[in-house]
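Coordinates from query.csv are shown below (CSV, C-alpha atoms).
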chain,number,residue,atom,x,y,z
K,1,MET,CA,6.8,-6.3,4.5
K,2,PRO,CA,8.8,-6.1,7.8
K,3,PRO,CA,12.6,-5.6,7.8
K,4,ARG,CA,14.6,-8.7,7.0
K,5,PRO,CA,16.7,-10.8,9.5
K,6,LYS,CA,20.4,-11.0,8.9
K,7,LYS,CA,20.6,-14.5,7.3
K,8,PHE,CA,18.0,-14.2,4.5
K,9,VAL,CA,17.6,-15.5,1.0
K,10,CYS,CA,15.7,-13.6,-1.7
K,11,THR,CA,12.2,-15.1,-2.2
K,12,PHE,CA,12.5,-15.0,-6.0
K,13,CYS,CA,15.9,-16.8,-5.9
K,14,ARG,CA,14.5,-19.5,-3.6
K,15,ASN,CA,11.6,-20.2,-6.0
K,16,GLU,CA,13.9,-20.1,-9.0
K,17,GLN,CA,11.8,-17.5,-10.7
K,18,ALA,CA,13.6,-16.1,-13.8
K,19,VAL,CA,11.3,-13.4,-14.9
K,20,ILE,CA,8.8,-11.3,-12.9
K,21,ASP,CA,5.5,-10.7,-14.6
K,22,TYR,CA,4.0,-7.2,-14.5
K,23,LYS,CA,0.5,-8.5,-14.8
K,24,ASN,CA,0.1,-10.2,-11.3
K,25,SER,CA,-0.6,-7.0,-9.3
K,26,LYS,CA,-1.2,-8.9,-6.1
K,27,LEU,CA,2.4,-10.2,-5.9
K,28,LEU,CA,3.8,-6.7,-6.8
K,29,SER,CA,1.6,-5.0,-4.1
K,30,ASN,CA,3.6,-6.8,-1.4
K,31,TYR,CA,6.6,-4.7,-2.3
K,32,ILE,CA,4.9,-1.4,-1.9
K,33,THR,CA,4.7,1.0,1.1
K,34,TYR,CA,1.5,2.4,2.7
K,35,TYR,CA,1.8,5.5,0.5
K,36,ARG,CA,2.2,3.3,-2.6
K,37,SER,CA,6.0,3.9,-3.3
K,38,ILE,CA,8.5,1.1,-4.1
K,39,GLN,CA,10.2,-0.4,-1.0
K,40,SER,CA,14.0,-0.6,-0.7
K,41,ARG,CA,16.1,-3.7,-0.8
K,42,PHE,CA,17.0,-3.3,2.9
K,43,HIS,CA,13.5,-3.9,4.1
K,44,THR,CA,12.4,-6.7,1.7
K,45,GLY,CA,15.7,-8.7,1.3
K,46,VAL,CA,15.5,-9.0,-2.4
K,47,CYS,CA,18.7,-9.4,-4.4
K,48,LEU,CA,19.9,-6.8,-6.9
K,49,LYS,CA,19.0,-8.7,-10.0
K,50,HIS,CA,15.4,-9.2,-9.0
K,51,GLN,CA,15.0,-5.7,-7.5
K,52,LYS,CA,15.7,-4.1,-10.9
K,53,GLN,CA,13.1,-6.4,-12.6
K,54,LEU,CA,10.6,-5.6,-9.8
K,55,SER,CA,10.9,-1.9,-10.1
K,56,SER,CA,10.5,-1.9,-13.9
K,57,ALA,CA,7.5,-4.3,-13.5
K,58,ILE,CA,5.9,-2.0,-11.0
K,59,LYS,CA,6.3,1.0,-13.3
K,60,LYS,CA,4.7,-0.9,-16.2
K,61,ALA,CA,1.8,-1.9,-14.0
K,62,ARG,CA,1.3,1.7,-12.9
K,63,MET,CA,1.1,2.8,-16.6
K,64,MET,CA,-1.6,0.3,-17.3
K,65,ALA,CA,-3.7,1.2,-14.2
K,66,LEU,CA,-3.1,-2.1,-12.4
K,67,LEU,CA,-1.3,-0.4,-9.5
K,68,PRO,CA,-1.7,3.1,-8.1
K,69,ALA,CA,1.2,5.5,-7.8
K,70,VAL,CA,-0.3,7.6,-5.0
K,71,ARG,CA,-2.6,6.9,-2.1
K,72,TYR,CA,-5.9,8.6,-2.7
K,73,GLU,CA,-8.3,9.2,0.2
K,74,LYS,CA,-11.9,9.2,-0.7
M,75,MET,CA,10.3,-12.6,-36.8
M,76,GLN,CA,10.4,-11.5,-33.2
M,77,LYS,CA,8.0,-12.5,-30.4
M,78,TYR,CA,5.9,-9.7,-28.8
M,79,GLU,CA,3.2,-9.3,-26.2
M,80,VAL,CA,0.5,-6.7,-25.9
M,81,LEU,CA,-1.9,-5.6,-23.2
M,82,ALA,CA,-4.6,-3.2,-24.2
M,83,ILE,CA,-7.5,-1.4,-22.6
M,84,ILE,CA,-10.8,-0.9,-24.4
M,85,VAL,CA,-13.3,1.9,-23.9
M,86,ASN,CA,-16.2,1.2,-21.4
M,87,SER,CA,-19.0,2.6,-23.6
M,88,LEU,CA,-19.5,-0.8,-25.2
M,89,ASP,CA,-21.2,-4.0,-24.1
M,90,GLU,CA,-19.1,-6.9,-23.2
M,91,LYS,CA,-19.9,-8.8,-26.4
M,92,LYS,CA,-19.2,-5.8,-28.6
M,93,ALA,CA,-16.0,-5.1,-26.7
M,94,LEU,CA,-14.8,-8.6,-27.5
M,95,GLU,CA,-15.5,-8.1,-31.2
M,96,GLN,CA,-13.9,-4.7,-31.3
M,97,ALA,CA,-10.8,-6.1,-29.6
M,98,LYS,CA,-10.4,-8.9,-32.1
M,99,LYS,CA,-11.1,-6.5,-35.0
M,100,SER,CA,-8.7,-3.8,-34.0
M,101,ILE,CA,-5.9,-5.9,-32.6
M,102,SER,CA,-5.7,-9.5,-33.9
M,103,GLU,CA,-7.1,-8.8,-37.4
M,104,HIS,CA,-4.8,-5.8,-37.8
M,105,ILE,CA,-1.7,-7.9,-36.9
M,106,SER,CA,-2.6,-10.7,-39.3
M,107,SER,CA,-3.1,-8.2,-42.1
M,108,LEU,CA,0.5,-7.0,-41.6
M,109,GLY,CA,1.8,-10.5,-41.9
M,110,GLY,CA,1.9,-11.5,-38.3
M,111,LYS,CA,1.0,-14.7,-36.5
M,112,ILE,CA,-1.0,-14.8,-33.2
M,113,SER,CA,-0.1,-17.5,-30.7
M,114,PHE,CA,-2.1,-16.6,-27.6
M,115,GLU,CA,-5.3,-14.6,-26.9
M,116,ASP,CA,-7.1,-13.8,-23.7
M,117,PHE,CA,-10.0,-11.5,-22.8
M,118,TRP,CA,-9.9,-10.5,-19.2
M,119,GLY,CA,-13.3,-8.8,-19.1
M,120,MET,CA,-14.3,-5.8,-16.8
M,121,ARG,CA,-11.7,-4.5,-14.4
M,122,GLY,CA,-11.5,-1.4,-12.3
M,123,PHE,CA,-8.7,1.1,-12.7
M,124,ALA,CA,-6.3,2.2,-10.0
M,125,TYR,CA,-6.9,5.9,-11.0
M,126,ILE,CA,-9.2,7.8,-13.3
M,127,ILE,CA,-8.3,7.9,-17.0
M,128,LYS,CA,-10.2,10.4,-19.1
M,129,GLY,CA,-13.1,10.3,-16.7
M,130,GLN,CA,-13.4,6.5,-16.7
M,131,LYS,CA,-13.1,4.3,-13.7
M,132,TRP,CA,-13.2,0.8,-15.4
M,133,GLY,CA,-12.5,-0.8,-18.7
M,134,TYR,CA,-12.0,-4.1,-20.6
M,135,TYR,CA,-8.6,-5.7,-20.8
M,136,PHE,CA,-7.2,-7.8,-23.6
M,137,CYS,CA,-3.9,-9.7,-23.8
M,138,ALA,CA,-2.2,-11.3,-26.8
M,139,GLN,CA,1.1,-12.8,-27.9
M,140,PHE,CA,2.2,-12.6,-31.5
M,141,GLU,CA,5.1,-12.9,-34.0
M,142,LEU,CA,6.0,-10.0,-36.3
M,143,ASP,CA,8.7,-8.5,-38.4
M,144,PRO,CA,10.4,-5.8,-36.2
M,145,ALA,CA,10.4,-3.2,-39.0
M,146,LEU,CA,6.5,-3.1,-38.9
M,147,ILE,CA,6.1,-2.4,-35.2
M,148,SER,CA,6.2,1.4,-35.7
M,149,GLU,CA,3.4,1.2,-38.2
M,150,LEU,CA,1.4,-0.9,-35.7
M,151,LYS,CA,1.8,1.8,-33.0
M,152,ASN,CA,0.8,4.6,-35.3
M,153,ASP,CA,-2.4,2.8,-36.3
M,154,TRP,CA,-3.3,2.0,-32.6
M,155,ASN,CA,-2.7,5.6,-31.5
M,156,ILE,CA,-5.3,6.8,-34.0
M,157,ASP,CA,-7.8,4.2,-33.1
M,158,LYS,CA,-10.3,5.7,-30.6
M,159,SER,CA,-11.6,2.5,-29.1
M,160,LEU,CA,-8.3,1.7,-27.4
M,161,VAL,CA,-7.5,3.8,-24.3
M,162,ARG,CA,-4.0,2.5,-23.7
M,163,PHE,CA,-1.7,-0.3,-24.9
M,164,LEU,CA,1.7,-1.7,-24.0
M,165,ILE,CA,3.9,-3.7,-26.4
M,166,GLU,CA,6.8,-5.7,-24.9
M,167,LYS,CA,9.3,-8.2,-26.1
M,168,VAL,CA,8.9,-11.7,-24.8
M,169,ASP,CA,11.8,-12.9,-22.7
M,170,PRO,CA,12.9,-16.4,-23.8
M,171,LYS,CA,13.4,-17.5,-20.2
M,172,ALA,CA,9.8,-16.6,-19.3
M,173,SER,CA,7.3,-19.3,-18.5
M,174,ALA,CA,4.4,-20.1,-20.8
M,175,PRO,CA,1.5,-17.5,-20.9
M,176,ARG,CA,-1.5,-18.4,-18.8
M,177,PRO,CA,-5.0,-17.0,-18.8
M,178,TYR,CA,-6.3,-14.4,-16.2
M,179,GLU,CA,-8.5,-16.9,-14.4
M,180,GLU,CA,-5.6,-18.9,-13.2
M,181,MET,CA,-3.9,-15.8,-11.9
M,182,LYS,CA,-7.1,-14.9,-10.0
M,183,LYS,CA,-6.8,-18.2,-8.0
M,184,GLU,CA,-3.2,-17.2,-7.0
M,185,PHE,CA,-4.5,-13.8,-5.8
M,186,GLU,CA,-7.0,-15.4,-3.5
M,187,ALA,CA,-4.3,-17.7,-2.0
M,188,LEU,CA,-2.0,-14.7,-1.4
M,189,GLU,CA,-4.9,-12.8,0.4
M,190,LYS,CA,-5.6,-15.8,2.6
M,191,GLU,CA,-1.9,-15.9,3.7
M,192,ARG,CA,-2.0,-12.2,4.5
M,193,LYS,CA,-5.1,-12.5,6.6
M,194,ILE,CA,-3.7,-15.4,8.6
M,195,VAL,CA,-0.5,-13.4,9.4
M,196,GLU,CA,-2.7,-10.4,10.6
M,197,MET,CA,-4.8,-12.7,12.8
M,198,ASN,CA,-1.7,-14.2,14.5
M,199,LYS,CA,-0.4,-10.7,15.3
M,200,SER,CA,-3.4,-9.5,17.1
M,201,THR,CA,-3.6,-12.5,19.5
M,202,LYS,CA,-0.9,-11.2,21.8
M,203,LYS,CA,-3.1,-9.6,24.4
M,204,LYS,CA,-2.9,-9.1,28.2
M,205,GLY,CA,-4.4,-12.5,29.1
M,206,THR,CA,-1.8,-14.5,27.1
M,207,ARG,CA,1.3,-13.5,29.0
M,208,SER,CA,3.8,-16.1,30.2
M,209,PRO,CA,4.5,-16.5,34.0
M,210,GLU,CA,7.9,-15.0,33.6
M,211,GLU,CA,6.5,-11.8,32.1
M,212,ARG,CA,3.9,-11.6,34.9
M,213,GLU,CA,6.6,-11.8,37.6
M,214,SER,CA,8.8,-9.1,36.0
M,215,ALA,CA,5.7,-6.9,35.8
M,216,ARG,CA,5.0,-7.5,39.5
M,217,ARG,CA,8.5,-6.6,40.5
M,218,GLU,CA,8.3,-3.3,38.6
M,219,VAL,CA,5.1,-2.3,40.4
M,220,ALA,CA,6.6,-3.2,43.9
M,221,GLU,CA,9.7,-1.1,43.2
M,222,LYS,CA,7.6,1.9,42.2
M,223,GLU,CA,5.6,1.7,45.5
M,224,LYS,CA,8.8,1.6,47.6
M,225,ARG,CA,10.2,4.7,45.9
M,226,ALA,CA,7.0,6.5,46.6
M,227,GLU,CA,7.1,5.7,50.4
M,228,THR,CA,10.7,6.8,50.9
M,229,LYS,CA,10.0,10.3,49.8
M,230,ALA,CA,9.6,13.1,52.5
M,231,PRO,CA,6.0,13.4,53.7
M,232,VAL,CA,4.1,16.8,53.4
M,233,SER,CA,4.3,18.9,56.7
M,234,ALA,CA,1.2,20.5,58.3
M,235,SER,CA,3.0,23.8,59.2
M,236,SER,CA,3.5,24.8,55.6
M,237,GLU,CA,0.4,27.0,55.5
M,238,PRO,CA,1.0,30.6,54.3
M,239,LYS,CA,1.4,33.2,57.1
M,240,LYS,CA,-1.1,36.0,57.4
M,241,THR,CA,0.4,39.5,57.3
M,242,ALA,CA,-1.3,42.6,58.6
M,243,THR,CA,-2.8,44.6,55.7
M,244,PRO,CA,-3.5,48.3,56.0
M,245,LYS,CA,-7.2,47.5,55.6
M,246,ASP,CA,-7.2,45.6,58.9
M,247,ILE,CA,-5.4,48.5,60.8
M,248,VAL,CA,-8.0,51.0,59.6
M,249,ASP,CA,-10.9,48.7,60.6
M,250,LYS,CA,-9.5,48.4,64.1
M,251,LYS,CA,-9.1,52.1,64.6
M,252,LEU,CA,-12.6,52.8,63.4
M,253,ASP,CA,-14.0,50.3,65.9
M,254,GLU,CA,-12.1,52.0,68.8
M,255,ILE,CA,-13.4,55.5,67.8
M,256,LEU,CA,-17.0,54.3,67.4
M,257,SER,CA,-17.0,52.5,70.8
M,258,ASP,CA,-15.8,55.6,72.6
M,259,SER,CA,-18.8,57.2,74.4
M,260,SER,CA,-17.0,60.4,75.2
M,261,LEU,CA,-17.2,61.7,71.7
M,262,ASP,CA,-20.3,63.3,70.1
M,263,LEU,CA,-21.0,61.8,66.7
What is this file in structure tokens?
Amino acid sequence: MPPRPKKFVCTFCRNEQAVIDYKNSKLLSNYITYYRSIQSRFHTGVCLKHQKQLSSAIKKARMMALLPAVRYEK
Amino acid sequence: MQKYEVLAIIVNSLDEKKALEQAKKSISEHISSLGGKISFEDFWGMRGFAYIIKGQKWGYYFCAQFELDPALISELKNDWNIDKSLVRFLIEKVDPKASAPRPYEEMKKEFEALEKERKIVEMNKSTKKKGTRSPEERESARREVAEKEKRAETKAPVSASSEPKKTATPKDIVDKKLDEILSDSSLDL
């Protein structure tokens, strides 16, 4: 995701989403860099409450092999 | 009685029908034998892994929600660790604010919608090419090219008299003297 503009509202707060599910890997893959590490709040514009839920959801998805932790080149 | 959710991976050495039976036998029957109640079941089917686990590249996924006495959870985990048909499992408490559970096929439709949005964004990025410049951008580009040409003309031109001068080498002097000696008819050679 590109860096956020100055006046920005968190996407999860705008949709009034209370809990982030660790099972939808497509939504979580938007908050991951090219080398498959978690992106910081500065670049995505997420609020602190949802960023903590996001990071724990990404780590759970990595454990169950839904998301990679490292970029492998075949 | 506390609400829990489990996501488990089943070994890929079985057929799809047998994997369903094995999942129900080792997960849902086990829970009901300990006194639990199952409220939601979903079999995802075949799915590829993001990395290799014990030499396997794909497996069968199974999701379920149930209610159980919290003191019996450790017994459940011990039994599932011994079971060889389960590769991995994750038990989690259900948040009361969370939305109702939905099957995997509904989530797949959302995935396709998200991919379409991403492709549209990439298409719009690549349409900014040379032929689509506005007239203001073209004028500013022309001015820059004209300024560069002016600067190149005002520089001092290269002079023709800047060739390197030829100095007399000792070889030339010896050649001259040899010619004088040989052309002399008075000497006997």
| query | Nearest to Ile84 (chain M): which of K:Ala69, K:Met64, K:Ile20, K:Leu28 is it, counting only C-alpha atoms? | reply | K:Met64
| task | Taking all atoms listed in the file into account, report as a ChimeraX atom specification which residues of chain K lie within 10 Å of chain M. | result | /K:17-21,23-27,30,60-72
| Residue nearest Ala93 (chain M) - candidates M:Gly119, M:Leu150, M:Ile165, M:Glu213, atoms counted: only C-alpha atoms | M:Gly119
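A distance cut-off of 6 Å around (4.8, -4.1, 0.8), counting all atoms listed in the file, selects these protein and nucleic acid residues: Met1, Ser29, Asn30, Tyr31, Ile32 and Thr33 of chain K.
Taking CA of Tyr22 (chain K) and CA of Pro177 (chain M) as endpoints, the distance between them is 14.0 Å.
Between CA of Arg41 (chain K) and CA of Ile58 (chain K) lies a distance of 14.5 Å.
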| note | With distances taken over all atoms listed in the file, the candidate from M:Pro175, M:Gly110, M:Pro144, M:Gly133 nearest Leu160 (chain M) is M:Gly133
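The spacing separating CA of Glu79 (chain M) from CA of Glu166 (chain M) amounts to 5.3 Å.
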